[in-house]
Amino acid sequence: MTLRLLFDEIRSNVQKISSDLGYPLVRFDVSEASQPEFGDVSCNIGFLLAKPLKKRPSEIAESIANEYKKYKTSFVSQVNVHPSGYLNFVANHSAFIKSVMQSSARQDYGKFDLGKSSKIVVEHTSVNPNKALHIGHVRNIVIGDTMARILNKACYDVRVLNYVDDSGLQVADIIVGFRYGGFDIESAQNQKFDHYCGDVVYVSITERYEKEPLLAEKRTIVLKELEEGNSEIAKFGDKITRRVLEEQLKTCWRLGVTYDCLNFESQIVRSRLWNVVLDKMKSMGLIYLENEGKNAGCWVIKSDSETEEDKILIRSNGIATYIAKDIPYATWKLGLLEDPFYYKQYTVQKNDRILWETTLENIGTKMNFTGDTVITVIDSRQSRLQKIITKIISDFKSEGKSYVHLGYESVTLSSDTAKNLNLETEGKSVQMSGRKGIYVNADSVLDILGKKTYEEVKKRNPELDDMLLVKIAEQVAVGALRYAMIKQDLDKIITFDMTESLESRRRYGAIHTIRIRKICENS
RNA sequence: GGGCCUGUAGCUCAGCAUGGAUAGAGUGCUGGACUUCUAAUCCAGUGGUCAAGGGAUCGAAGCCCUUCGGGCCCGCCA
């Protein structure tokens with residue numbers, strides 16, 4: 001908050017000078033200069049006093065500047081008046097930077113009490129446990145983690161959750177691959193397990209469904225067994241998804257990201273939480289049983305607009321839809337219902353933060369990872385569904401904004417990068433797809449980035465110990481990737497280009513300020 | 001058809017909430033410096049109808065309206 005000190009110093013001095021000169025009190029701005037040549041900080045007091053004093057803005061600014069120069073100040077080295085009327089200041093950079101460096105080294109750097117220790121949940125990552133994390137997932141993870149860090153600095157009591165959809169179709173696909181597709185459980189090339197499952201098993205099995213209807217049939221059976229839970233297939237699925245999850249988490253930790261609790265979808269399904277929520281929604285009249293029309297026999301959420309379709313929650317065959325799985329989880333995150341789970345330690349993460357996981361076994365330990373506000377980080381393609389969930393939750397819990405969807409535009413691959421994946425796109429960028437194998441794995445990017453950085457650092461510092469070089473290279477690679485994912489607005493699509501990401505190494509040292517206001521606005 | 005997002009320099013983007021200075025940065029390109037070359041670094045130059053049109057305003061990249069281009073979403077899939 002050293003910048004604040006600089007602004008405050010200027011503000012209070014200008015205020016004092018203005019009143020000493022007998023000028024009327026006005027609410028003036030002290031802000032960053034619009035262009036470097038004007039200096040570092042600008043003040044518009046001249047314009048505001050022009051009318052009451054009947055003088056030119058520059059004249060007034062001049063009088064203030066003359067007084068200002070007599071002041072002994074710690075952060076300002078120059079005061080200038082622009083002919084237009086602005087009062088411009090140049091910071092004393094050496095003093096300023098020294099102060100920034102000193103204060104940023106402190107543990108409480110940047111801390112401000114906005115949250116008053118209120119409980120807030122951030123859910124991010126939430127990748128299906130059947131594949132490795134790709135560059136698109138990384139944007140989600142970095143946004144979520146950055147958000148959590150900012151909220152933590154803002155004195156919120158932050159809990160970070162990662163939702164593991166271990167009972168869905170995508171998981172069923174790799175189980176089919178192992179059980180009926182002839183894939184060995186171990187990769188022949190000794191690949192990282194999540195890469196093996198995603199790059200090899202998942203991609204080829206989905207390709208084979210078209211030609212092998214028998215496999216497609218197996219998928220339906222596997223999916224059903226996964227949801228029901230006690231079969232041998234379900235136990236096998238559990239073993240596989242946990243192994244994938246373990247590898248995914250390694251990538252997250254590598255990115256410097258840690259969590260508080262893992263939530264497993266299979267447990268939410270088996271906990272019967274859904275029935276409780278459903279009864280509540282029925283009794284509150286939030287959902288209706290449709291008697292006629294194309295949705296006859298389904299339980300639906302009525303759309304309040306004429307152009308939007310009603311949303312089906314329960315099909316005419318009694319099976320809940322995808323969105324229905326998200327509702328009980330949302331109510332759990334907000335602590336609106338009795339918690340059916342017990343908690344056990346999954347592991348202790350690098351920064352000593354304990355990672356918990358839910359369990360349905362009564363092992364006695366209860367924890368609380370709920371929040372008064374819940375932020376769910378999901379890309380904006382899910383906006384429509386998230387809007388419906390937000391609406392339902394606000395009907396449940398009337399007070400304020402409790403469920404917040406933090407959306408962002410997705411990451412696409414540049415035409416050149418797609419070409420390297422043997423995909424011709426005619427110069428256009430392309431949406432990633434795990435199913436089609438169109439993606440770039442996060443680990444690969446970090447590896448290549450790290451290797452490149454290692455060479456650069458070694459060239460400049462040949463005397464350094466090799467272990468240290470590797471460590472530095474990894475840190476720089478992680479920093480570069482994180483920065484690349486967060487540097488632009490959430491509502492802008494990031495087109496990822498492998499070659500370009502390697503060339504951006506010059507920007508590694510960039511100290512950037514995250515536009516906190518913009519992000520906080522959403523919470 | 002409806003909804004959300006987007007359009008600013010060759011490229012990638014800031015700036016837009018809260019209108020006010022000559023519209024900025026990085027990169028690219030051109031030239032120069034660093035006693036040879038290359039790389040790196042530094043300096044200088046180059047580069048814009050702020051998608052288009054209209055409106056309100058003393059004043060618009062920014063606010064309002066219209067149009068056009070691009071992306072995404074709209075399933076008894078997940």
# chains A, B, ... in the order shown; residues from 1 in each chain; ligands from 1
call {"tool": "closest_atom_pairs", "arguments": {"of": "chain B", "to": "chain A", "cutoff": "7 Å", "atoms": "only C-alpha atoms (C1' of nucleotides)", "output": "CSV"}}
result
residue,atom,partner,partner_atom,distance
B:G2,C1',A:Thr307,CA,6.1
B:C5,C1',A:Asp491,CA,6.5
B:A21,C1',A:Ser84,CA,6.1
B:G24,C1',A:Gln35,CA,6.9
B:C72,C1',A:Arg381,CA,6.1
B:C73,C1',A:Arg381,CA,5.8
B:C76,C1',A:Arg315,CA,4.8
B:A78,C1',A:Tyr322,CA,6.1
call {"tool": "closest_residue", "arguments": {"among": "A:Asn461, A:Asn152, A:Thr258, A:Ser167", "to": "Ile354 in chain A", "atoms": "only C-alpha atoms"}}
result
A:Thr258
call {"tool": "select_by_dssp", "arguments": {"residues": "range 199-261 of chain A", "states": "helix (DSSP H, G or I)", "output": "ChimeraX atom specification"}}
result
/A:199-208,213-228,232-254
